[in-house]
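Below is the file run.tsv, which contains TSV, C-alpha atoms.
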chain	number	residue	atom	x	y	z
T	1	MET	CA	63.72	54.89	-9.95
T	2	TYR	CA	62.35	53.92	-13.34
T	3	ASP	CA	63.31	50.27	-12.74
T	4	ILE	CA	61.30	50.32	-9.52
T	5	CYS	CA	58.37	51.99	-11.27
T	6	SER	CA	58.33	49.52	-14.16
T	7	THR	CA	58.56	46.50	-11.86
T	8	ILE	CA	56.15	47.48	-9.11
T	9	PHE	CA	53.85	50.23	-10.26
T	10	ILE	CA	53.28	50.05	-14.02
T	11	PRO	CA	51.37	46.72	-13.86
T	12	PHE	CA	48.82	48.44	-11.61
T	13	LEU	CA	48.50	51.80	-13.37
T	14	GLN	CA	45.69	50.71	-15.70
T	15	ASN	CA	47.52	52.51	-18.52
T	16	LYS	CA	47.18	55.99	-17.02
T	17	LEU	CA	49.52	58.17	-15.00
T	18	LEU	CA	49.17	61.87	-14.16
T	19	TYR	CA	52.34	63.66	-13.10
T	20	SER	CA	50.50	66.26	-11.07
T	21	PHE	CA	53.26	68.84	-10.58
T	22	PRO	CA	54.32	71.38	-13.21
T	23	ILE	CA	56.81	69.53	-15.40
T	24	THR	CA	60.54	70.25	-15.07
T	25	PRO	CA	63.52	69.15	-17.21
T	26	SER	CA	64.65	66.48	-14.72
T	27	THR	CA	61.39	64.56	-15.15
T	28	VAL	CA	61.51	64.26	-18.93
T	29	ASP	CA	63.60	61.09	-19.20
T	30	ARG	CA	61.58	59.18	-16.60
T	31	LEU	CA	58.23	60.27	-17.99
T	32	SER	CA	59.38	59.36	-21.51
T	33	LEU	CA	60.24	55.82	-20.40
T	34	ILE	CA	56.88	55.47	-18.66
T	35	ALA	CA	55.07	56.87	-21.71
T	36	LYS	CA	56.70	54.15	-23.84
T	37	GLU	CA	55.48	51.51	-21.40
T	38	LEU	CA	51.93	52.81	-21.13
T	39	GLY	CA	51.40	53.80	-24.74
T	40	PRO	CA	49.19	56.54	-26.24
T	41	GLY	CA	47.17	58.48	-23.67
T	42	GLY	CA	49.06	56.86	-20.80
T	43	VAL	CA	50.93	59.87	-19.44
T	44	SER	CA	49.42	63.24	-18.54
T	45	VAL	CA	51.43	66.21	-17.32
T	46	MET	CA	50.70	69.53	-15.66
T	47	VAL	CA	51.76	72.93	-16.96
T	48	ASP	CA	51.18	76.40	-15.58
T	49	HIS	CA	53.76	78.41	-17.56
T	50	PRO	CA	54.67	78.57	-21.25
T	51	GLY	CA	58.30	77.92	-20.29
T	52	GLN	CA	57.34	74.33	-19.46
T	53	LEU	CA	55.99	73.48	-22.92
T	54	PRO	CA	59.41	72.51	-24.39
T	55	PHE	CA	59.69	69.81	-21.73
T	56	VAL	CA	56.30	68.46	-22.77
T	57	GLU	CA	57.43	68.30	-26.39
T	58	ALA	CA	60.66	66.60	-25.31
T	59	ILE	CA	58.60	63.65	-24.00
T	60	LYS	CA	57.08	63.20	-27.47
T	61	ILE	CA	60.52	63.41	-29.11
T	62	LYS	CA	62.08	60.86	-26.73
T	63	SER	CA	59.17	58.43	-26.47
T	64	GLY	CA	57.22	58.85	-29.68
T	65	ILE	CA	54.12	59.28	-27.47
T	66	ALA	CA	52.26	62.60	-27.27
T	67	PRO	CA	51.53	63.30	-23.59
T	68	LYS	CA	48.21	64.74	-22.50
T	69	ILE	CA	48.30	68.21	-20.94
T	70	PHE	CA	46.36	69.58	-18.01
T	71	ILE	CA	46.71	73.34	-17.53
T	72	LYS	CA	46.86	73.94	-13.80
T	73	VAL	CA	44.78	76.97	-12.78
T	74	ASP	CA	45.27	79.00	-9.61
T	75	MET	CA	41.80	79.47	-8.11
T	76	GLY	CA	42.97	81.48	-5.10
T	77	GLY	CA	45.30	79.28	-3.08
T	78	HIS	CA	48.44	80.74	-4.72
T	79	ARG	CA	50.33	77.48	-4.37
T	80	ALA	CA	50.70	76.70	-8.08
T	81	GLY	CA	48.82	77.38	-11.27
T	82	ALA	CA	48.29	80.12	-13.83
T	83	GLN	CA	45.80	82.76	-12.77
T	84	PRO	CA	42.74	83.31	-14.98
T	85	PHE	CA	43.05	86.37	-17.28
T	86	SER	CA	46.80	86.62	-16.57
T	87	ASP	CA	49.48	87.33	-19.19
T	88	ILE	CA	50.99	83.93	-18.39
T	89	LEU	CA	47.74	82.17	-19.24
T	90	SER	CA	47.28	84.22	-22.41
T	91	GLU	CA	50.65	82.83	-23.60
T	92	LEU	CA	50.19	79.33	-22.23
T	93	VAL	CA	46.86	78.51	-23.90
T	94	PRO	CA	47.93	79.21	-27.52
T	95	GLY	CA	51.25	77.50	-26.85
T	96	ALA	CA	49.53	74.35	-25.66
T	97	LEU	CA	47.12	74.45	-28.60
T	98	GLU	CA	50.05	74.77	-30.99
T	99	LEU	CA	51.68	71.65	-29.51
T	100	SER	CA	48.37	69.85	-29.98
T	101	SER	CA	48.09	70.96	-33.60
T	102	ARG	CA	51.58	69.58	-34.30
T	103	GLY	CA	50.82	66.27	-32.63
T	104	SER	CA	53.46	66.86	-29.97
T	105	ALA	CA	50.90	66.80	-27.16
T	106	VAL	CA	47.16	66.69	-26.51
T	107	LEU	CA	45.56	69.57	-24.62
T	108	TYR	CA	43.29	67.41	-22.51
T	109	GLY	CA	41.90	69.57	-19.74
T	110	LEU	CA	42.10	72.11	-16.95
T	111	TYR	CA	42.84	71.37	-13.31
T	112	SER	CA	42.35	73.26	-10.05
T	113	HIS	CA	42.85	72.31	-6.42
T	114	ALA	CA	41.65	74.34	-3.43
T	115	GLY	CA	44.54	73.48	-1.12
T	116	HIS	CA	43.48	76.24	1.25
T	117	SER	CA	40.09	74.54	1.78
T	118	TYR	CA	41.61	72.46	4.59
T	119	TYR	CA	41.62	75.58	6.76
T	120	GLN	CA	37.93	76.40	6.33
T	121	GLY	CA	35.54	75.72	9.18
T	122	SER	CA	32.06	75.26	7.73
T	123	LYS	CA	30.13	73.16	5.21
T	124	ALA	CA	29.00	76.29	3.38
T	125	ALA	CA	32.62	77.43	2.96
T	126	ALA	CA	33.64	74.04	1.53
T	127	VAL	CA	30.77	74.05	-0.98
T	128	ASP	CA	31.61	77.61	-2.00
T	129	LEU	CA	35.27	76.71	-2.56
T	130	LEU	CA	34.15	73.85	-4.80
T	131	ARG	CA	32.17	76.44	-6.78
T	132	GLN	CA	35.26	78.63	-6.96
T	133	GLU	CA	37.31	75.71	-8.29
T	134	PHE	CA	34.77	75.19	-11.07
T	135	GLU	CA	34.43	78.92	-11.79
T	136	ALA	CA	38.19	79.34	-12.18
T	137	LEU	CA	38.11	76.56	-14.76
T	138	LEU	CA	34.99	77.98	-16.40
T	139	VAL	CA	36.60	81.32	-17.21
T	140	THR	CA	39.79	79.55	-18.32
T	141	ALA	CA	37.80	77.14	-20.49
T	142	GLU	CA	36.18	80.09	-22.22
T	143	THR	CA	39.65	81.39	-23.11
T	144	VAL	CA	40.57	77.99	-24.59
T	145	LEU	CA	37.24	77.57	-26.43
T	146	GLU	CA	37.49	81.05	-27.91
T	147	ALA	CA	40.71	79.96	-29.62
T	148	SER	CA	39.58	76.39	-30.38
T	149	PRO	CA	35.76	76.11	-30.19
T	150	SER	CA	35.53	72.36	-30.87
T	151	ILE	CA	38.18	71.11	-28.44
T	152	PRO	CA	36.81	68.70	-25.80
T	153	LEU	CA	37.99	69.64	-22.32
T	154	VAL	CA	38.04	67.74	-19.05
T	155	LEU	CA	37.67	70.06	-16.06
T	156	SER	CA	39.16	68.42	-12.99
T	157	VAL	CA	38.67	69.87	-9.51
T	158	GLY	CA	38.81	68.90	-5.90
T	159	ALA	CA	40.56	68.86	-2.56
T	160	THR	CA	39.22	66.45	0.04
T	161	PRO	CA	37.11	69.12	1.85
T	162	THR	CA	35.55	70.37	-1.38
T	163	THR	CA	34.88	66.95	-2.90
T	164	THR	CA	33.30	65.57	0.27
T	165	SER	CA	31.10	68.68	0.39
T	166	ILE	CA	29.19	67.14	-2.52
T	167	ASN	CA	27.40	65.12	0.16
T	168	ASN	CA	25.86	68.41	1.31
T	169	VAL	CA	24.53	69.07	-2.18
T	170	LEU	CA	22.96	65.63	-2.43
T	171	ALA	CA	21.44	65.80	1.04
T	172	ALA	CA	20.08	69.34	0.82
T	173	ASP	CA	16.45	69.75	1.87
T	174	GLU	CA	14.18	72.25	3.62
T	175	ASN	CA	16.20	71.83	6.83
T	176	THR	CA	19.49	72.85	5.25
T	177	PRO	CA	20.87	76.07	6.86
T	178	GLU	CA	20.49	79.20	4.75
T	179	ASP	CA	24.22	79.75	4.19
T	180	GLU	CA	24.61	76.18	2.91
T	181	SER	CA	21.53	76.50	0.69
T	182	MET	CA	22.90	79.67	-0.90
T	183	ALA	CA	26.29	78.05	-1.52
T	184	ILE	CA	24.66	74.96	-3.02
T	185	SER	CA	22.46	77.04	-5.29
T	186	ALA	CA	25.46	79.02	-6.57
T	187	LEU	CA	27.39	75.79	-7.19
T	188	ARG	CA	24.55	74.28	-9.17
T	189	GLY	CA	24.37	77.41	-11.30
T	190	THR	CA	28.07	77.21	-12.13
T	191	ILE	CA	27.83	73.51	-13.02
T	192	SER	CA	24.85	74.21	-15.32
T	193	ILE	CA	26.91	76.74	-17.27
T	194	LEU	CA	29.80	74.27	-17.57
T	195	LYS	CA	27.47	71.64	-18.99
T	196	GLU	CA	26.28	74.14	-21.58
T	197	ARG	CA	29.91	74.57	-22.64
T	198	ASN	CA	30.01	70.81	-23.33
T	199	CYS	CA	32.88	70.25	-20.90
T	200	SER	CA	33.40	66.98	-19.05
T	201	LEU	CA	33.56	67.38	-15.27
T	202	GLU	CA	35.86	65.31	-13.10
T	203	ILE	CA	36.30	65.35	-9.34
T	204	HIS	CA	39.60	64.12	-7.96
T	205	ALA	CA	40.31	63.39	-4.27
T	206	ALA	CA	36.75	62.11	-3.91
T	207	PRO	CA	35.74	59.18	-1.66
T	208	SER	CA	36.34	55.85	-3.40
T	209	GLU	CA	32.73	54.87	-2.74
T	210	GLY	CA	31.59	57.68	-5.02
T	211	PRO	CA	29.82	61.03	-4.57
T	212	ASN	CA	26.97	59.48	-2.58
T	213	ALA	CA	29.33	58.26	0.11
T	214	THR	CA	28.97	59.56	3.65
T	215	LEU	CA	32.34	59.39	5.35
T	216	THR	CA	32.58	57.87	8.82
T	217	TRP	CA	35.44	56.89	11.12
T	218	SER	CA	35.15	53.36	9.74
T	219	ASN	CA	36.22	54.69	6.32
T	220	LEU	CA	39.61	55.75	7.69
T	221	ALA	CA	41.75	52.83	6.58
T	222	PHE	CA	45.14	54.37	7.34
T	223	THR	CA	46.54	53.96	10.86
T	224	VAL	CA	50.04	53.81	12.28
T	225	VAL	CA	50.78	51.02	14.79
T	226	ALA	CA	52.81	52.05	17.84
T	227	GLU	CA	53.71	50.74	21.30
T	228	VAL	CA	53.03	52.24	24.71
T	229	ALA	CA	56.44	52.91	26.28
T	230	SER	CA	55.55	54.47	29.64
T	231	ILE	CA	52.62	55.77	31.70
T	232	TYR	CA	52.48	58.86	33.94
T	233	PRO	CA	49.46	58.75	36.31
T	234	GLY	CA	47.90	62.10	37.19
T	235	ARG	CA	50.29	64.15	35.07
T	236	GLY	CA	47.65	65.39	32.63
T	237	VAL	CA	44.81	67.91	32.78
T	238	ASN	CA	42.50	67.45	35.78
T	239	GLY	CA	44.59	64.55	37.07
T	240	THR	CA	44.25	62.41	33.96
T	241	PRO	CA	47.18	60.18	32.99
T	242	GLU	CA	49.60	60.80	30.15
T	243	VAL	CA	51.19	58.04	28.10
T	244	LEU	CA	54.52	57.91	26.24
T	245	LEU	CA	54.13	56.48	22.75
T	246	GLY	CA	56.94	55.23	20.53
T	247	LEU	CA	55.71	57.28	17.60
T	248	GLY	CA	56.75	60.84	16.80
T	249	SER	CA	56.80	63.29	13.94
T	250	ILE	CA	59.02	61.05	11.79
T	251	GLY	CA	56.35	58.35	11.73
T	252	LEU	CA	53.21	60.45	12.18
T	253	GLY	CA	53.93	63.78	10.52
T	254	ARG	CA	53.50	67.18	12.09
T	255	GLU	CA	50.38	68.38	10.32
T	256	PRO	CA	47.99	70.44	12.46
T	257	CYS	CA	44.23	69.94	12.19
T	258	LYS	CA	41.79	72.83	12.40
T	259	ALA	CA	39.21	70.67	14.20
T	260	TYR	CA	41.30	69.93	17.29
T	261	SER	CA	44.73	70.63	18.79
T	262	GLY	CA	46.25	67.13	18.64
T	263	TRP	CA	48.50	65.33	16.17
T	264	GLY	CA	46.56	62.08	15.91
T	265	ILE	CA	43.69	60.17	17.52
T	266	LEU	CA	43.80	56.62	18.88
T	267	SER	CA	41.47	54.16	17.23
T	268	PRO	CA	39.56	51.77	19.53
T	269	TRP	CA	41.62	48.83	18.24
T	270	ASN	CA	43.14	46.69	21.03
T	271	ILE	CA	41.74	48.95	23.80
T	272	SER	CA	39.33	47.34	26.27
T	273	ASP	CA	35.78	48.72	26.23
T	274	ALA	CA	36.69	51.33	23.60
T	275	GLU	CA	34.20	52.05	20.84
T	276	MET	CA	34.36	53.68	17.44
T	277	PRO	CA	33.99	57.47	17.74
T	278	THR	CA	30.51	58.86	17.16
T	279	ALA	CA	31.47	62.54	16.85
T	280	GLY	CA	34.03	64.55	14.94
T	281	PRO	CA	37.47	65.43	16.35
T	282	GLU	CA	36.03	68.61	17.83
T	283	GLU	CA	33.80	66.66	20.25
T	284	HIS	CA	35.47	63.25	20.41
T	285	GLU	CA	36.31	61.98	23.91
T	286	GLY	CA	39.35	59.71	24.04
T	287	TRP	CA	43.10	59.38	23.72
T	288	GLN	CA	44.87	61.72	21.34
T	289	VAL	CA	48.49	62.52	20.54
T	290	GLY	CA	48.54	65.77	22.47
T	291	ARG	CA	52.26	66.54	22.15
T	292	ILE	CA	54.82	65.34	19.66
T	293	SER	CA	58.57	65.37	19.14
T	294	GLN	CA	60.87	63.73	16.62
T	295	GLU	CA	60.86	60.16	17.94
T	296	HIS	CA	57.94	59.97	20.34
T	297	GLY	CA	54.51	61.36	21.18
T	298	VAL	CA	52.59	61.93	24.38
T	299	LEU	CA	49.05	60.65	24.58
T	300	THR	CA	46.66	62.88	26.49
T	301	TRP	CA	43.07	62.19	27.48
T	302	LYS	CA	40.33	64.48	26.24
T	303	GLY	CA	37.21	64.14	28.37
T	304	ASN	CA	36.18	63.26	31.90
T	305	LYS	CA	38.76	61.58	34.14
T	306	GLU	CA	36.37	58.81	35.13
T	307	ASN	CA	36.01	57.77	31.47
T	308	VAL	CA	39.73	57.17	30.85
T	309	LYS	CA	40.40	53.91	28.99
T	310	PRO	CA	43.45	52.33	30.70
T	311	LEU	CA	46.50	51.45	28.64
T	312	ARG	CA	49.44	49.24	29.65
T	313	ILE	CA	53.16	49.37	28.92
T	314	GLY	CA	53.99	47.35	25.82
T	315	GLN	CA	50.46	47.53	24.47
T	316	LYS	CA	50.14	48.10	20.74
T	317	VAL	CA	47.73	50.80	19.58
T	318	ARG	CA	46.74	52.25	16.23
T	319	VAL	CA	46.76	55.99	15.58
T	320	TRP	CA	44.75	57.87	12.98
T	321	PRO	CA	47.16	60.60	11.77
T	322	ASN	CA	45.94	64.06	10.85
T	323	HIS	CA	47.29	63.70	7.31
T	324	SER	CA	47.78	60.22	5.93
T	325	CYS	CA	49.81	61.42	2.91
T	326	ILE	CA	52.51	62.93	5.12
T	327	ALA	CA	52.43	60.09	7.67
T	328	GLY	CA	52.67	57.44	4.95
T	329	ALA	CA	55.86	58.99	3.58
T	330	GLY	CA	57.62	57.99	6.80
T	331	HIS	CA	57.11	54.27	6.16
T	332	GLY	CA	58.34	51.77	3.58
T	333	TRP	CA	55.18	49.71	3.19
T	334	TYR	CA	51.55	49.31	4.15
T	335	GLN	CA	50.42	46.15	5.93
T	336	ILE	CA	46.95	45.38	4.62
T	337	VAL	CA	44.15	43.96	6.76
T	338	ASP	CA	40.47	43.46	5.97
T	339	SER	CA	37.96	44.41	8.66
T	340	SER	CA	35.21	42.49	6.87
T	341	ARG	CA	36.91	39.13	7.57
T	342	THR	CA	35.14	38.13	10.77
T	343	GLY	CA	37.56	36.62	13.25
T	344	LYS	CA	40.54	37.50	11.03
T	345	GLU	CA	40.32	41.29	11.07
T	346	ASP	CA	43.96	41.67	12.15
T	347	GLU	CA	45.44	39.10	9.79
T	348	ILE	CA	47.83	40.71	7.32
T	349	ILE	CA	46.66	39.66	3.85
T	350	ASP	CA	49.03	41.74	1.74
T	351	VAL	CA	51.95	44.17	1.91
T	352	TRP	CA	52.00	47.20	-0.36
T	353	VAL	CA	55.41	48.74	-1.00
T	354	ARG	CA	55.36	52.54	-0.95
T	355	TRP	CA	56.99	54.81	-3.49
T	356	ARG	CA	58.68	57.16	-1.05
T	357	GLY	CA	61.50	59.65	-0.71
T	358	TRP	CA	62.24	62.64	-2.89
Exercise: express the given structure as structure tokens:
Amino acid sequence: MYDICSTIFIPFLQNKLLYSFPITPSTVDRLSLIAKELGPGGVSVMVDHPGQLPFVEAIKIKSGIAPKIFIKVDMGGHRAGAQPFSDILSELVPGALELSSRGSAVLYGLYSHAGHSYYQGSKAAAVDLLRQEFEALLVTAETVLEASPSIPLVLSVGATPTTTSINNVLAADENTPEDESMAISALRGTISILKERNCSLEIHAAPSEGPNATLTWSNLAFTVVAEVASIYPGRGVNGTPEVLLGLGSIGLGREPCKAYSGWGILSPWNISDAEMPTAGPEEHEGWQVGRISQEHGVLTWKGNKENVKPLRIGQKVRVWPNHSCIAGAGHGWYQIVDSSRTGKEDEIIDVWVRWRGW
């Protein structure tokens, strides 16, 4: 695995890699080799228990490079992370500071991720969870700063729903609903306190265009190409057709979406008279992967029967999966196209090899 990493990935890492899972003994040798390649400050690791600190120090011993440490903080999702004010955290913080004082590591920052934000159903809830991410780091930062007042800390937060909720903060005006306004006000208050603590704020999982970006369907670069295998006229709801697609859970994932009941939505690509969606999944009219099994999916039509966009056997279509991370793991590479190249939008201009498997 290291040979693959050094050949394919290290040239593109821009000298920084975060291993964003609490470090275990089996990762030490690989991370040590990568640390040697990237040099000082190149490798960061996550910890959420004092029992992991010896593995951090082992990287320094093997590589000669002190890794940077992020303490992962549980802000309510209970997936991973040390809880604020817990006995575990009260042991972890001084242990990490001791490694820093010996030059065996650098306590670099605190990290939280609201993984449960994907199941929330409102803008106000997403903004409030972003506040909770920051507040969990605020109280943890105060524990660190009490022991080491001058240490600079990076506070890193964000799941996709919480980071994209920043758009709501930037766009807030007199027409913003009251629940959103209250959530935004509380978030701004928390951020003001963090700035007073002289902490650097970082948002991960944010849109690549930056915090001012407004996401649209056109921003969804990841699709899975599949073929229409069969068509079943009148078999669907209200006499609509159903379509057999050569794409199932192995290639698409089986991640549910709170916004609608399907497993993926067809893009308008290669479908006559189809247009880019103008509404979210809740209201979108069109083909969706309504049922899924291991090797294939069944396309169902959501909307009026008279608006059905016909498909034909053998036709290639592109599917937006519910969760690109899971779907991507089922494939060995990405075929890259550029929609800005007029007349050559479907020309493959590059192939990116995936790091996949377990």
Interface rows for region 166-264 of chain T against region 132-140 of chain T: nearest pair, Å to one decimal, 10 Å, all atoms listed in the file, as a Markdown table:
| residue | atom | partner | partner_atom | distance |
| --- | --- | --- | --- | --- |
| T:Ala186 | CA | T:Gln132 | CA | 9.8 |
| T:Leu187 | CA | T:Phe134 | CA | 8.4 |
| T:Thr190 | CA | T:Glu135 | CA | 6.6 |
| T:Ile191 | CA | T:Phe134 | CA | 7.4 |
| T:Ile193 | CA | T:Leu138 | CA | 8.2 |
| T:Leu194 | CA | T:Leu138 | CA | 6.5 |
| T:Arg197 | CA | T:Leu138 | CA | 8.7 |
| T:Cys199 | CA | T:Leu138 | CA | 9.2 |
| T:Leu201 | CA | T:Phe134 | CA | 8.9 |
CA of Pro277 (chain T) to CA of Trp217 (chain T), distance in Å rounded to a single decimal: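 Separating CA of Pro277 (chain T) from CA of Trp217 (chain T) is a distance of 6.8 Å.
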Polymer residues at most 9 Å from region 105-117 of chain T, all atoms listed in the file, same-chain spacing of 3 or more positions, as a VMD selection string: chain T and resid 41 44 46 56 to 57 59 to 60 65 to 79 81 96 to 102 120 to 121 125 to 126 129 to 130 132 to 134 136 to 137 140 to 141 151 to 162 200 204
Å distance separating CA of Val298 (chain T) from CA of Trp355 (chain T), one decimal place: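 A separation of 29.1 Å between them.
Minimum atom-to-atom distances from T:Gly42, T:Gly246, T:Gly51, T:Pro321 to Glu227 (chain T) were compared using only C-alpha atoms, and the lowest value belongs to T:Gly246.
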Exercise: Gly236 (chain T) partners within 8 Å, only C-alpha atoms, chain neighbours under 6 positions left out, as a ChimeraX atom specification: /T:242,300-301
Close residues, Trp333 (chain T) itself excluded, 9 Å, only C-alpha atoms, min 6 positions apart in chain, as a list of chain:residue names: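 The residues satisfying every condition are T:Val351, T:Trp352, T:Val353, T:Arg354, T:Trp355.
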Counting all atoms listed in the file, the residue of T:Leu299, T:Ala329, T:Val319, T:Ile34 that sits nearest Phe222 (chain T):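 Smallest separation from Phe222 (chain T) among the options: T:Val319.
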Nearest candidate to Pro256 (chain T) (options T:Ser272, T:Asn322, T:Thr216, T:Ser230; using all atoms listed in the file): T:Asn322
Among the residues T:Val224, T:Leu244, T:Ile265, T:Ala58, the one that comes closest to Gln335 (chain T) [using all atoms listed in the file]: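 Ranking T:Val224, T:Leu244, T:Ile265, T:Ala58 by distance to Gln335 (chain T), first place goes to T:Val224.
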Separation of CA of Gly103 (chain T) from CA of Ser90 (chain T) in Å: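 Interatomic distance here is 21.0 Å.
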Nearest to Ile326 (chain T), chosen from T:Arg254, T:Arg291, T:Arg341, T:His284, with only C-alpha atoms counted in the distances: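 For Ile326 (chain T), the nearest of the candidates is T:Arg254.
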Polymer residues at most 10 Å from Ile88 (chain T), all atoms listed in the file, same-chain spacing of 5 or more positions, as JSON, numbers by chain: {"T": [48, 49, 50, 51, 81, 82, 83, 93]}
T:Val317, T:Ala35, T:Ala229, T:Val337 ranked by distance to Pro268 (chain T), top pick (using all atoms listed in the file): T:Val317
Neighbours of point (54.1, 50.8, 14.4) within 12 Å, using all atoms listed in the file, written as a count of residues only: 30
How big is the axis-aligned box, and where does its centre sit, when it encloses all atoms of region 189-195 of chain T listed in the file and has 8 Å added on every side, reported in Å to one decimal as JSON?
{"center_x": 27.1, "center_y": 74.5, "center_z": -15.1, "size_x": 21.4, "size_y": 21.8, "size_z": 23.7}
